[in-house]
Amino acid sequence: MADIAAPPMAVDSTGMPPVIAPAPVAAPPDLAALAPAAPAEETATETLYIQNLNEKIKLPVLKASLRGLFKSYGEVLDVVAHSNLRMRGQAFVSFESPEIAKKALKEVRGFPLYSRPMQISFAKTRSDAVVQKLDEDGLETHKARRLEHKKATRYTNPIKRKYRQKRLAADADGAGAVPTAKRPNVQMPDEYLPPNKILFLQNLPETVTKDQLMGLFSQYPNLHEVRLIPTKKDIAFVEYLDEGSATVAKDALHNYKLDGENKIKITFARK
């Protein structure tokens, strides 16, 4: 059998075979582009939106507690909370500036107020109190815009719609009166008790006398009575004629070192 000749090899003008360039190598993927985007930081506003508040606490007490908790960060312009279905367990706390609100959010977020850790974020819109402070001329326009939005969303709010559907379903199958587990009563911390004309003193020196306390608290007007407890010498009650006078004395003398060493603790007495 005759040999089969190989096809002639192509040559360039120099008589040498052409050099074949290697195929291009694909560039490695940009790993940074494939990484998930970092969550966008919240835009700080003057008002904090607080959720997961204890619904068993009466509104006046809750508002006073929030104001007392946040006033150390700056002037609290307003505290808004309602007992209706939409706002239950929620509140708004307004400050003079976003910087103050940002610091308060960072340090207070998760604080267990009345045994419920607070969930805090920035409100999406300015409160009436903030607008009145920063742009008083635009307050009425702001209120009108807010009321218009409230009317437009009154019947589309997802929380109210879900509750209404659940109630209708319960009524339909006769289960409208399903008993719910009773929550335990929450003991309110002394520091957050509402104003009272009677002050409760703790951590007193056991050698303290009624005359000493009379002399100390009579510096403030409208003092009515000082009562020591014979069986418990480190506590006492101081009564004024009105809540305002009691509040002035409490704020002035709380943590006062009566014996030069131990600070006395002063709170409003429980009603």
# chains A, B, ... in the order shown; residues from 1 in each chain; ligands from 1
>>> residues_around(residues="A:Arg109", least_positions_apart="4", cutoff="10 Å", atoms="only C-alpha atoms", output="JSON, numbers by chain")
{"A": [50, 104, 105, 117, 118, 119, 120, 121]}
>>> write_last_selection(atoms="C-alpha atoms", output="compact mmCIF listing (two decimals), in the first residue's frame")
# COMPACT_ATOMS: atom_id res chain seq x y z
CA ILE A 50 -39.73 52.69 70.09
CA ALA A 104 -29.57 57.92 72.77
CA LEU A 105 -30.47 55.14 70.30
CA PRO A 117 -36.20 45.12 75.87
CA MET A 118 -36.90 48.21 73.78
CA GLN A 119 -36.60 48.01 70.00
CA ILE A 120 -35.52 51.46 68.79
CA SER A 121 -35.11 52.94 65.33
>>> residues_around(residues="A:Ala81", least_positions_apart="4", cutoff="10 Å", atoms="only C-alpha atoms", output="PyMOL selection string")
chain A and resi 50+59-60+62-63+87-93
>>> write_last_selection(atoms="C-alpha atoms", output="PDB file, in the first residue's frame")
ATOM      1  CA  ILE A  50     -39.733  52.691  70.087  1.00  0.00           C
ATOM      2  CA  LEU A  59     -49.725  55.686  79.523  1.00  0.00           C
ATOM      3  CA  PRO A  60     -48.955  58.565  81.932  1.00  0.00           C
ATOM      4  CA  LEU A  62     -44.966  55.053  80.548  1.00  0.00           C
ATOM      5  CA  LYS A  63     -44.500  58.565  79.151  1.00  0.00           C
ATOM      6  CA  MET A  87     -50.010  52.416  68.574  1.00  0.00           C
ATOM      7  CA  ARG A  88     -50.198  49.946  71.455  1.00  0.00           C
ATOM      8  CA  GLY A  89     -46.734  49.042  72.760  1.00  0.00           C
ATOM      9  CA  GLN A  90     -45.102  51.839  70.766  1.00  0.00           C
ATOM     10  CA  ALA A  91     -43.961  55.413  71.376  1.00  0.00           C
ATOM     11  CA  PHE A  92     -42.085  58.298  69.804  1.00  0.00           C
ATOM     12  CA  VAL A  93     -39.459  60.329  71.676  1.00  0.00           C
TER      13      VAL A  93
END
>>> atom_distance(atom1="atom CA of A:Leu113", atom2="atom CA of A:Phe200")
21.5 Å
>>> closest_residue(among="A:Leu253, A:Ala44, A:Leu69, A:Leu193", to="A:Phe217", atoms="only C-alpha atoms")
A:Leu253
>>> closest_residue(among="A:Ala123, A:Leu147, A:Leu201, A:Leu53", to="A:His254", atoms="only C-alpha atoms")
A:Leu201
